[in-house]
file work.txt (compact mmCIF, C-alpha atoms)
# COMPACT_ATOMS: atom_id res chain seq x y z
CA MET N 199 27.04 -33.71 19.29
CA SER N 200 26.78 -37.38 18.47
CA VAL N 201 26.75 -38.70 14.96
CA GLY N 202 24.29 -41.48 14.15
CA THR N 203 25.18 -44.66 12.34
CA SER N 204 23.22 -47.18 10.35
CA SER N 205 23.91 -50.67 9.14
CA ALA N 206 24.64 -50.92 5.42
CA PRO N 207 24.36 -54.17 3.43
CA GLY N 208 27.10 -56.54 4.54
CA GLY N 209 27.00 -55.37 8.15
CA ARG N 210 29.09 -52.27 7.48
CA ASP N 211 28.24 -49.17 9.53
CA VAL N 212 27.64 -46.00 7.55
CA ARG N 213 27.84 -42.63 9.24
CA ARG N 214 24.78 -40.35 8.97
CA PRO N 215 25.09 -36.58 9.10
CA PRO N 216 24.00 -35.18 12.44
CA GLU N 217 20.41 -34.02 12.74
CA PRO N 218 20.15 -30.22 12.93
CA ARG N 219 19.53 -28.71 16.36
CA TYR N 220 17.90 -25.40 16.97
CA GLY N 221 18.75 -23.66 20.21
CA ASP N 222 17.01 -20.82 21.99
CA PRO N 223 18.00 -17.19 21.20
CA ALA N 224 20.77 -17.26 23.81
CA GLU N 225 22.32 -20.39 22.26
CA LEU N 226 22.21 -18.76 18.85
CA GLY N 227 23.92 -15.64 20.15
CA ILE N 228 20.76 -13.51 19.76
CA ASP N 229 19.90 -11.03 22.46
CA PRO N 230 16.09 -11.04 23.05
CA ASP N 231 16.27 -7.23 23.19
CA GLU N 232 17.35 -7.26 19.53
CA LEU N 233 14.07 -8.83 18.43
CA PRO N 234 11.61 -6.42 16.77
CA ASP N 235 8.54 -7.94 18.49
CA GLY N 236 7.77 -8.29 22.15
CA LEU N 237 8.98 -11.61 23.61
CA VAL N 238 7.68 -13.05 26.88
CA VAL N 239 8.80 -16.52 27.99
CA ALA N 240 7.43 -18.46 30.96
CA ASP N 241 9.02 -21.63 32.38
CA GLU N 242 7.38 -24.96 33.24
CA HIS N 243 5.98 -23.44 36.46
CA GLY N 244 4.36 -20.53 34.60
CA ARG N 245 6.91 -18.00 35.90
CA VAL N 246 8.18 -15.28 33.55
CA VAL N 247 11.87 -15.81 32.75
CA CYS N 248 12.22 -13.45 29.78
CA PHE N 249 10.61 -10.06 29.10
CA ASN N 250 12.46 -8.20 26.36
CA SER N 251 12.68 -4.47 25.70
CA ALA N 252 10.04 -4.57 22.93
CA ALA N 253 7.62 -6.18 25.42
CA GLU N 254 8.44 -3.38 27.87
CA ARG N 255 7.67 -0.77 25.21
CA ILE N 256 4.40 -2.40 24.12
CA THR N 257 3.06 -3.09 27.63
CA ALA N 258 4.61 -0.02 29.34
CA VAL N 259 5.80 -2.35 32.13
CA ALA N 260 9.43 -2.72 33.26
CA ALA N 261 10.96 -6.19 32.98
CA GLN N 262 12.27 -6.06 36.54
CA ASP N 263 8.70 -5.71 37.80
CA VAL N 264 7.43 -8.89 36.13
CA LEU N 265 10.36 -11.34 36.01
CA GLY N 266 9.57 -14.23 38.34
CA GLN N 267 5.83 -13.48 38.40
CA ARG N 268 3.17 -15.82 37.09
CA LEU N 269 2.42 -15.29 33.41
CA ASP N 270 -1.22 -14.37 33.97
CA LYS N 271 -0.21 -11.71 36.50
CA ALA N 272 2.71 -10.32 34.48
CA LEU N 273 0.67 -10.21 31.26
CA PRO N 274 -3.01 -9.80 32.24
CA LEU N 275 -4.59 -10.10 28.82
CA GLU N 276 -8.32 -10.03 28.05
CA ASP N 277 -10.16 -10.79 24.84
CA LEU N 278 -12.44 -8.25 23.18
CA GLU N 279 -15.38 -9.55 25.24
CA GLY N 280 -13.63 -8.89 28.54
CA ARG N 281 -12.72 -12.50 29.38
CA ARG N 282 -9.34 -13.26 30.98
CA TRP N 283 -7.24 -14.82 28.29
CA TRP N 284 -4.99 -17.16 30.28
CA GLN N 285 -7.97 -18.62 32.14
CA LEU N 286 -9.66 -19.30 28.81
CA THR N 287 -6.67 -20.91 27.11
CA ASP N 288 -5.09 -22.63 30.17
CA PRO N 289 -1.74 -23.39 28.44
CA TYR N 290 -0.41 -25.60 31.27
CA GLY N 291 -3.54 -27.60 32.01
CA GLY N 292 -5.38 -27.59 28.70
CA LEU N 293 -5.33 -30.02 25.83
CA ALA N 294 -2.08 -31.99 25.76
CA ILE N 295 -1.95 -31.96 21.96
CA ARG N 296 -2.09 -28.16 21.66
CA VAL N 297 1.18 -26.52 20.66
CA ARG N 298 0.26 -22.93 19.83
CA GLN N 299 -2.24 -20.09 19.86
CA PRO N 300 -2.68 -18.27 16.54
CA GLU N 301 -2.34 -14.50 16.43
CA ARG N 302 -5.33 -12.51 17.61
CA ASN N 303 -6.27 -9.11 19.02
CA LEU N 304 -6.22 -8.93 22.80
CA LEU N 305 -6.39 -6.11 25.33
CA LEU N 306 -3.87 -4.98 27.93
CA PRO N 307 -4.98 -3.23 31.11
CA GLY N 308 -6.34 0.16 30.13
CA GLY N 309 -7.82 -1.19 26.91
CA ARG N 310 -4.72 -0.98 24.74
CA GLU N 311 -4.94 -3.43 21.84
CA VAL N 312 -2.06 -5.79 20.97
CA LEU N 313 -1.56 -8.72 18.61
CA VAL N 314 -0.67 -11.85 20.57
CA SER N 315 0.46 -15.30 19.48
CA ALA N 316 1.86 -18.09 21.67
CA ARG N 317 3.85 -21.29 21.35
CA TYR N 318 3.70 -24.16 23.84
CA VAL N 319 7.03 -25.97 23.98
CA ARG N 320 6.82 -29.65 24.97
CA THR N 321 9.65 -32.17 25.16
CA GLU N 322 7.22 -34.88 24.01
CA PRO N 323 4.23 -34.53 21.67
CA THR N 324 1.69 -34.89 24.51
CA GLY N 325 3.99 -34.19 27.42
CA PRO N 326 3.76 -31.31 29.90
CA VAL N 327 4.46 -27.76 28.77
CA ARG N 328 8.08 -26.82 29.46
CA ARG N 329 7.90 -23.29 28.14
CA VAL N 330 5.29 -20.83 26.91
CA VAL N 331 6.69 -18.37 24.37
CA VAL N 332 4.50 -15.33 23.75
CA SER N 333 4.94 -12.85 20.89
CA LEU N 334 3.52 -9.34 21.21
CA ARG N 335 3.05 -6.91 18.34
CA ASP N 336 1.84 -3.34 18.35
CA THR N 337 -1.33 -2.71 16.35
CA GLU N 338 -0.37 0.81 15.26
CA ALA N 339 0.53 -0.26 11.71
CA ARG N 340 -2.77 -2.09 11.38
CA ARG N 341 -4.65 0.93 12.75
CA ARG N 342 -2.94 3.17 10.19
CA THR N 343 -4.07 0.82 7.42
CA GLU N 344 -7.62 0.79 8.79
CA ARG N 345 -7.61 4.60 8.99
CA SER N 346 -6.40 4.76 5.39
CA HIS N 347 -9.23 2.47 4.29
CA ALA N 348 -11.73 4.56 6.28
CA GLU N 349 -10.43 7.73 4.61
CA LEU N 350 -10.75 6.09 1.22
CA ILE N 351 -14.36 5.10 1.92
CA ALA N 352 -15.20 8.59 3.22
CA THR N 353 -13.55 10.26 0.23
CA VAL N 354 -15.31 8.02 -2.26
CA ALA N 355 -18.67 8.51 -0.56
CA HIS N 356 -18.20 12.29 -0.66
CA GLU N 357 -17.08 12.33 -4.30
CA LEU N 358 -19.91 10.04 -5.41
CA ARG N 359 -22.64 11.88 -3.55
CA SER N 360 -22.36 15.15 -5.47
CA PRO N 361 -22.62 13.82 -9.06
CA LEU N 362 -25.20 11.18 -8.13
CA THR N 363 -27.35 13.86 -6.47
CA SER N 364 -27.14 15.89 -9.67
CA VAL N 365 -27.97 12.89 -11.88
CA LYS N 366 -30.92 11.91 -9.70
CA GLY N 367 -32.23 15.47 -9.45
CA PHE N 368 -32.09 16.30 -13.14
CA THR N 369 -33.50 12.96 -14.32
CA ALA N 370 -36.37 13.16 -11.81
CA THR N 371 -37.11 16.73 -12.89
CA LEU N 372 -37.07 15.85 -16.58
CA LEU N 373 -39.32 12.84 -16.07
CA ALA N 374 -41.84 14.83 -14.03
CA LYS N 375 -41.90 18.06 -16.07
CA TRP N 376 -40.59 17.15 -19.51
CA GLU N 377 -43.14 19.27 -21.40
CA ARG N 378 -42.41 22.42 -19.39
CA PHE N 379 -38.79 22.75 -20.54
CA THR N 380 -37.47 24.15 -23.78
CA ASP N 381 -35.09 22.10 -25.92
CA ASP N 382 -32.15 24.21 -24.76
CA GLN N 383 -33.02 23.61 -21.10
CA LYS N 384 -33.35 19.89 -21.71
CA ARG N 385 -30.01 19.80 -23.50
CA LEU N 386 -28.28 21.67 -20.64
CA MET N 387 -29.65 19.27 -18.03
CA LEU N 388 -28.78 16.19 -20.08
CA GLU N 389 -25.24 17.51 -20.67
CA THR N 390 -24.87 17.98 -16.91
CA VAL N 391 -26.10 14.43 -16.28
CA ASP N 392 -23.66 13.11 -18.89
CA ALA N 393 -20.73 15.01 -17.36
CA ASP N 394 -21.57 13.81 -13.86
CA ALA N 395 -21.92 10.21 -15.09
CA ASP N 396 -18.44 10.52 -16.60
CA ARG N 397 -17.17 11.79 -13.23
CA VAL N 398 -18.63 8.76 -11.45
CA THR N 399 -17.12 6.44 -14.06
CA ARG N 400 -13.67 8.01 -13.60
CA LEU N 401 -13.89 7.66 -9.83
CA ILE N 402 -14.86 3.98 -10.08
CA ALA N 403 -11.95 3.43 -12.49
CA GLU N 404 -9.61 5.05 -9.95
CA LEU N 405 -10.88 2.74 -7.21
CA LEU N 406 -10.34 -0.31 -9.40
CA ASP N 407 -6.81 0.86 -10.20
CA ILE N 408 -6.02 1.36 -6.50
CA SER N 409 -7.34 -2.11 -5.70
CA ARG N 410 -5.16 -3.68 -8.40
CA ILE N 411 -2.09 -1.67 -7.41
CA ASP N 412 -2.44 -2.55 -3.73
CA SER N 413 -2.88 -6.24 -4.51
CA GLY N 414 -0.12 -6.34 -7.14
CA ARG N 415 -2.61 -7.34 -9.86
CA LEU N 416 -2.31 -4.33 -12.16
CA GLU N 417 -2.03 -5.82 -15.66
CA VAL N 418 0.28 -4.22 -18.20
CA ARG N 419 -0.46 -5.11 -21.83
CA ARG N 420 2.62 -4.04 -23.72
CA GLN N 421 2.52 -2.70 -27.27
CA PRO N 422 4.81 -0.40 -29.24
CA VAL N 423 4.14 3.16 -28.00
CA ASP N 424 5.10 6.42 -29.70
CA ILE N 425 5.23 8.46 -26.54
CA GLY N 426 6.03 11.72 -28.35
CA ALA N 427 2.85 11.39 -30.41
CA ALA N 428 0.89 10.51 -27.25
CA VAL N 429 2.04 13.74 -25.55
CA GLY N 430 1.14 15.68 -28.71
CA ARG N 431 -2.42 14.31 -28.64
CA HIS N 432 -2.91 15.50 -25.07
CA ILE N 433 -1.67 18.99 -25.94
CA GLN N 434 -3.97 19.15 -28.98
CA ALA N 435 -6.94 18.20 -26.78
CA TYR N 436 -6.22 21.13 -24.43
CA VAL N 437 -5.82 23.53 -27.36
CA ALA N 438 -9.12 22.29 -28.85
CA ALA N 439 -10.75 22.95 -25.47
CA GLY N 440 -9.71 26.59 -25.62
CA LEU N 441 -6.23 26.83 -24.08
CA SER N 442 -3.62 28.77 -26.01
CA ALA N 443 -1.05 26.67 -27.87
CA ASP N 444 1.58 28.99 -26.38
CA ARG N 445 0.83 27.50 -22.98
CA PHE N 446 2.68 24.31 -23.99
CA LEU N 447 6.24 23.56 -25.08
CA LEU N 448 6.99 20.03 -26.31
CA ARG N 449 10.63 19.06 -26.83
CA ILE N 450 11.52 15.60 -28.16
CA GLU N 451 15.11 14.45 -28.34
CA GLN N 452 15.65 12.07 -31.22
CA PRO N 453 16.31 9.26 -31.73
CA LEU N 454 14.15 7.69 -29.05
CA PRO N 455 14.49 3.97 -28.31
CA ALA N 456 11.56 1.71 -29.16
CA LEU N 457 9.21 1.64 -26.19
CA TRP N 458 6.90 -1.24 -25.30
CA ALA N 459 4.23 -0.26 -22.79
CA ASP N 460 0.48 -0.27 -22.15
CA PRO N 461 -0.77 2.68 -24.27
CA ASP N 462 -3.95 3.23 -22.25
CA LYS N 463 -2.10 3.35 -18.94
CA ILE N 464 0.63 5.62 -20.33
CA ASP N 465 -2.14 7.94 -21.54
CA GLN N 466 -3.51 7.89 -17.99
CA VAL N 467 -0.11 8.90 -16.58
CA LEU N 468 0.36 11.70 -19.14
CA SER N 469 -3.18 12.96 -18.65
CA ASN N 470 -2.74 13.22 -14.89
CA LEU N 471 0.66 14.93 -14.97
CA ILE N 472 -0.25 17.43 -17.71
CA GLU N 473 -3.62 18.19 -16.09
CA ASN N 474 -1.90 18.87 -12.75
CA ALA N 475 0.58 21.23 -14.46
CA VAL N 476 -2.24 23.10 -16.24
CA ARG N 477 -4.58 23.26 -13.26
CA HIS N 478 -2.17 23.89 -10.40
CA GLY N 479 0.78 25.48 -12.20
CA GLU N 480 1.28 28.72 -14.07
CA GLY N 481 3.11 29.92 -17.16
CA THR N 482 4.39 27.52 -19.80
CA VAL N 483 3.96 23.79 -19.34
CA THR N 484 7.10 22.15 -20.73
CA ILE N 485 7.19 18.48 -21.64
CA ASP N 486 10.59 16.97 -22.44
CA VAL N 487 10.82 13.49 -23.98
CA THR N 488 14.36 12.13 -23.96
CA PRO N 489 16.22 8.82 -24.13
CA ALA N 490 17.06 7.53 -20.66
CA PRO N 491 20.77 6.82 -20.24
CA SER N 492 21.88 3.26 -19.61
CA PRO N 493 24.60 2.18 -17.19
CA ARG N 494 26.34 0.74 -20.28
CA GLU N 495 27.88 3.33 -22.53
CA GLY N 496 26.26 3.72 -25.93
CA GLU N 497 22.95 2.07 -24.94
CA ASP N 498 19.56 3.54 -24.02
CA ALA N 499 17.76 2.11 -21.01
CA GLY N 500 14.40 3.56 -21.99
CA THR N 501 12.54 6.84 -22.27
CA SER N 502 12.14 9.70 -19.80
CA VAL N 503 9.26 12.17 -19.81
CA THR N 504 9.57 15.37 -17.76
CA VAL N 505 6.57 17.65 -17.14
CA SER N 506 7.41 21.08 -15.70
CA ASP N 507 5.45 24.25 -14.99
CA GLU N 508 6.29 27.76 -13.81
CA GLY N 509 4.00 28.03 -10.81
CA THR N 510 4.85 28.20 -7.11
CA GLY N 511 5.90 24.55 -7.07
CA ILE N 512 5.51 22.01 -4.28
CA PRO N 513 6.82 22.87 -0.79
CA GLU N 514 9.95 20.95 0.12
CA GLU N 515 8.32 19.43 3.18
CA SER N 516 5.49 18.01 1.05
CA MET N 517 7.56 16.32 -1.64
CA ASN N 518 7.87 13.04 0.26
CA ARG N 519 4.04 12.81 0.43
CA VAL N 520 3.20 13.67 -3.17
CA PHE N 521 2.67 10.05 -4.27
CA THR N 522 0.66 9.00 -1.22
CA ARG N 523 -3.10 8.63 -1.12
CA PHE N 524 -5.21 11.76 -0.64
CA TRP N 525 -2.35 14.21 -1.12
CA ARG N 526 -3.62 17.42 -2.70
CA GLY N 527 -1.39 20.21 -3.89
CA SER N 528 -4.17 22.75 -3.48
CA LYS N 529 -7.80 23.06 -2.44
CA ARG N 530 -9.09 22.93 -5.99
CA GLY N 531 -10.94 19.67 -5.66
CA GLY N 532 -10.00 16.17 -6.76
CA THR N 533 -9.75 12.97 -4.79
CA GLY N 534 -6.01 13.11 -4.16
CA LEU N 535 -5.64 9.63 -5.68
CA GLY N 536 -4.24 10.53 -9.10
CA LEU N 537 -0.52 10.67 -8.32
CA TYR N 538 -0.76 7.51 -6.20
CA ILE N 539 -2.17 5.72 -9.26
CA VAL N 540 0.43 7.30 -11.56
CA LYS N 541 3.24 5.94 -9.39
CA GLY N 542 1.62 2.50 -9.33
CA ILE N 543 1.31 2.42 -13.13
CA VAL N 544 4.90 3.56 -13.72
CA GLU N 545 6.27 0.99 -11.25
CA ALA N 546 4.10 -1.76 -12.80
CA HIS N 547 6.02 -1.03 -16.03
CA GLY N 548 9.32 -1.42 -14.19
CA GLY N 549 9.92 2.34 -14.26
CA THR N 550 10.51 5.10 -11.75
CA ILE N 551 8.96 8.49 -11.07
CA THR N 552 10.33 11.46 -9.14
CA VAL N 553 9.21 14.94 -8.18
CA GLY N 554 11.31 18.05 -7.78
CA ARG N 555 11.54 21.75 -8.52
CA ALA N 556 11.66 22.95 -12.12
CA ALA N 557 14.18 25.48 -13.41
CA GLY N 558 11.38 28.05 -13.60
CA GLY N 559 10.44 27.49 -9.97
CA GLY N 560 7.39 25.30 -10.49
CA ALA N 561 6.82 21.58 -10.00
CA GLN N 562 8.68 19.03 -12.08
CA PHE N 563 7.64 15.39 -12.49
CA ARG N 564 9.88 12.95 -14.32
CA PHE N 565 9.08 9.34 -15.07
CA THR N 566 11.31 6.84 -16.83
CA LEU N 567 10.12 3.69 -18.57
CA PRO N 568 12.40 0.83 -19.66
CA VAL N 569 12.41 -0.27 -23.27
CA ALA N 570 10.87 -3.62 -22.22
CA ALA N 571 10.96 -5.07 -25.72
CA PRO N 572 9.82 -8.72 -26.05
CA ALA N 573 12.61 -11.29 -25.94
CA TYR N 574 12.15 -12.27 -29.60
CA LEU N 575 13.09 -8.71 -30.65
CA THR N 576 16.26 -8.52 -28.58
call {"tool": "encode", "arguments": {"input": "work.txt", "output": "structure tokens"}}
result
Amino acid sequence: MSVGTSSAPGGRDVRRPPEPRYGDPAELGIDPDELPDGLVVADEHGRVVCFNSAAERITAVAAQDVLGQRLDKALPLEDLEGRRWWQLTDPYGGLAIRVRQPERNLLLPGGREVLVSARYVRTEPTGPVRRVVVSLRDTEARRRTERSHAELIATVAHELRSPLTSVKGFTATLLAKWERFTDDQKRLMLETVDADADRVTRLIAELLDISRIDSGRLEVRRQPVDIGAAVGRHIQAYVAAGLSADRFLLRIEQPLPALWADPDKIDQVLSNLIENAVRHGEGTVTIDVTPAPSPREGEDAGTSVTVSDEGTGIPEESMNRVFTRFWRGSKRGGTGLGLYIVKGIVEAHGGTITVGRAAGGGAQFRFTLPVAAPAYLT
């Protein structure tokens, strides 16, 4: 490789560092079959000179059957309107200033959808095309995402329809026949409308949380949190609603490190985990609040909260799906979004959450939150 020179003041030549050169995969020691995406390369005559193993997998065509063929024959792509792609784009005879084709959905023979992008390699800015490099990607991941969104829409529509039908029915009935009902009947219908309105509000809040978690925009407003007291409030609410106090066992290991977290979101996490233990578990619901050990001896990394029950627990084969969307531990209703949101909230705090089997045989959820104290306090 040559090294350039330039004339410095006084006529003295000064050496310049060589300009970087970028070779093709072979020059870089990269085997095209090691690439994760399909790679198809055609030469200046439009003949296929490279067809890697990922391209074979995506197109279901063997490389030996297409090497040396014209690109439009080896890779007969059509757009979603049925037009032949290479005739439309004409990489070798089209605009001389064009250097690429952005990624888009195209169809292989048989209607299989693939994501295709292309690069036109020219030795000069407006010179003839020397190589056409085509990248192929499977659309399966995108289809899974689309199916997940479709499931979310279907679930939300189903969950909204029931309470909204109730709200509409009762309000229409009260407006039309107000004088025919006793005060007790009116109160019962209005209480039902109020409960269903709360259900709709909770569902909308869940959707907003999912949107923020998926986009990485979940805001955490940290304040000092007494997590032991927060757990105690949730237990008192269940006891006030009629559950026996013996159903719960709260154990707090002192001293706990100071915890800075978003109190509303931590309440949301505790509410979901304790509700799941009460609704789906059996026996005593045990909540342990302990300091989380630090890698450094003598320091606390944060606080751990463990919620355990004595029910049948979660099957081993289901544990890796517990924190995914729409997972339900039983057929007792719910959207299946709660634990997905719980995981998102805990991770937004910089914490971790795990699921396992409790000593009593039931389910055990443990989440750990870092101290996360502001810098001016450390």
call {"tool": "residues_around", "arguments": {"input": "work.txt", "residues": "Glu451 of chain N", "least_positions_apart": "5", "cutoff": "8 Å", "atoms": "all atoms listed in the file", "output": "list in words"}}
result
Asp486, Val487, Thr488 and Pro489 of chain N
call {"tool": "closest_residue", "arguments": {"input": "work.txt", "among": "N:Gly308, N:Gly325, N:Gly542, N:Gly266", "to": "Gly291 of chain N", "atoms": "all atoms listed in the file"}}
result
N:Gly325
call {"tool": "atom_distance", "arguments": {"input": "work.txt", "atom1": "atom CA of Ala253 of chain N", "atom2": "atom CA of Asp336 of chain N"}}
result
9.6 Å
call {"tool": "residues_around", "arguments": {"input": "work.txt", "residues": "segment 354-362 of chain N", "least_positions_apart": "5", "cutoff": "12 Å", "atoms": "all atoms listed in the file", "output": "list in words"}}
result
His347, Ala348, Glu349, Gly367, Phe368, Thr369, Ala370, Thr390, Val391, Asp392, Ala393, Asp394, Ala395, Asp396, Arg397, Val398, Thr399, Arg400, Leu401, Ile402, Ala403, Glu404, Leu405, Phe524, Gly531, Gly532, Thr533, Gly534 and Leu535 of chain N
call {"tool": "write_last_selection", "arguments": {"input": "work.txt", "atoms": "C-alpha atoms", "output": "mmCIF file, keeping the file's coordinate frame"}}
result
data_model
loop_
_atom_site.group_PDB
_atom_site.id
_atom_site.type_symbol
_atom_site.label_atom_id
_atom_site.label_comp_id
_atom_site.auth_asym_id
_atom_site.auth_seq_id
_atom_site.Cartn_x
_atom_site.Cartn_y
_atom_site.Cartn_z
ATOM 1 C CA HIS N 347 -9.230 2.470 4.290
ATOM 2 C CA ALA N 348 -11.730 4.560 6.280
ATOM 3 C CA GLU N 349 -10.430 7.730 4.610
ATOM 4 C CA GLY N 367 -32.230 15.470 -9.450
ATOM 5 C CA PHE N 368 -32.090 16.300 -13.140
ATOM 6 C CA THR N 369 -33.500 12.960 -14.320
ATOM 7 C CA ALA N 370 -36.370 13.160 -11.810
ATOM 8 C CA THR N 390 -24.870 17.980 -16.910
ATOM 9 C CA VAL N 391 -26.100 14.430 -16.280
ATOM 10 C CA ASP N 392 -23.660 13.110 -18.890
ATOM 11 C CA ALA N 393 -20.730 15.010 -17.360
ATOM 12 C CA ASP N 394 -21.570 13.810 -13.860
ATOM 13 C CA ALA N 395 -21.920 10.210 -15.090
ATOM 14 C CA ASP N 396 -18.440 10.520 -16.600
ATOM 15 C CA ARG N 397 -17.170 11.790 -13.230
ATOM 16 C CA VAL N 398 -18.630 8.760 -11.450
ATOM 17 C CA THR N 399 -17.120 6.440 -14.060
ATOM 18 C CA ARG N 400 -13.670 8.010 -13.600
ATOM 19 C CA LEU N 401 -13.890 7.660 -9.830
ATOM 20 C CA ILE N 402 -14.860 3.980 -10.080
ATOM 21 C CA ALA N 403 -11.950 3.430 -12.490
ATOM 22 C CA GLU N 404 -9.610 5.050 -9.950
ATOM 23 C CA LEU N 405 -10.880 2.740 -7.210
ATOM 24 C CA PHE N 524 -5.210 11.760 -0.640
ATOM 25 C CA GLY N 531 -10.940 19.670 -5.660
ATOM 26 C CA GLY N 532 -10.000 16.170 -6.760
ATOM 27 C CA THR N 533 -9.750 12.970 -4.790
ATOM 28 C CA GLY N 534 -6.010 13.110 -4.160
ATOM 29 C CA LEU N 535 -5.640 9.630 -5.680
#
call {"tool": "residues_around", "arguments": {"input": "work.txt", "residues": "Ile256 of chain N", "least_positions_apart": "4", "cutoff": "12 Å", "atoms": "all atoms listed in the file", "output": "JSON, numbers by chain"}}
result
{"N": [234, 235, 236, 237, 238, 249, 250, 251, 252, 260, 261, 273, 305, 306, 307, 310, 311, 312, 313, 314, 333, 334, 335, 336, 337, 338]}
call {"tool": "axis_aligned_box", "arguments": {"input": "work.txt", "around": "segment 299-304 of chain N", "padding_each_side": "8 Å", "output": "AutoDock Vina command-line options"}}
result
--center_x -4.3 --center_y -14.5 --center_z 19.6 --size_x 20.0 --size_y 27.2 --size_z 22.4
call {"tool": "closest_residue", "arguments": {"input": "work.txt", "among": "N:Arg340, N:Arg345, N:Arg523, N:Lys375", "to": "Gly536 of chain N", "atoms": "all atoms listed in the file"}}
result
N:Arg523
call {"tool": "atom_distance", "arguments": {"input": "work.txt", "atom1": "atom CA of Val553 of chain N", "atom2": "atom CA of Ile464 of chain N"}}
result
17.6 Å
call {"tool": "closest_residue", "arguments": {"input": "work.txt", "among": "N:Gly426, N:Gly280, N:Gly414, N:Pro300", "to": "Asp465 of chain N", "atoms": "all atoms listed in the file"}}
result
N:Gly426
call {"tool": "atom_distance", "arguments": {"input": "work.txt", "atom1": "atom CA of Thr257 of chain N", "atom2": "atom CA of Tyr318 of chain N"}}
result
21.4 Å
call {"tool": "residues_near_point", "arguments": {"input": "work.txt", "point": "(5.1, 26.6, -8.5)", "cutoff": "12 Å", "atoms": "only C-alpha atoms", "output": "PyMOL selection string"}}
result
chain N and resi 474-483+506-514+527-528+554-562
call {"tool": "residues_near_point", "arguments": {"input": "work.txt", "point": "(-4.7, 17.5, -25.7)", "cutoff": "12 Å", "atoms": "only C-alpha atoms", "output": "list in words"}}
result
Ala427, Ala428, Val429, Gly430, Arg431, His432, Ile433, Gln434, Ala435, Tyr436, Val437, Ala438, Ala439, Gly440, Leu441, Ser442, Ala443, Arg445, Phe446, Leu448, Asp465, Leu468, Ser469, Asn470, Ile472, Glu473 and Val476 of chain N
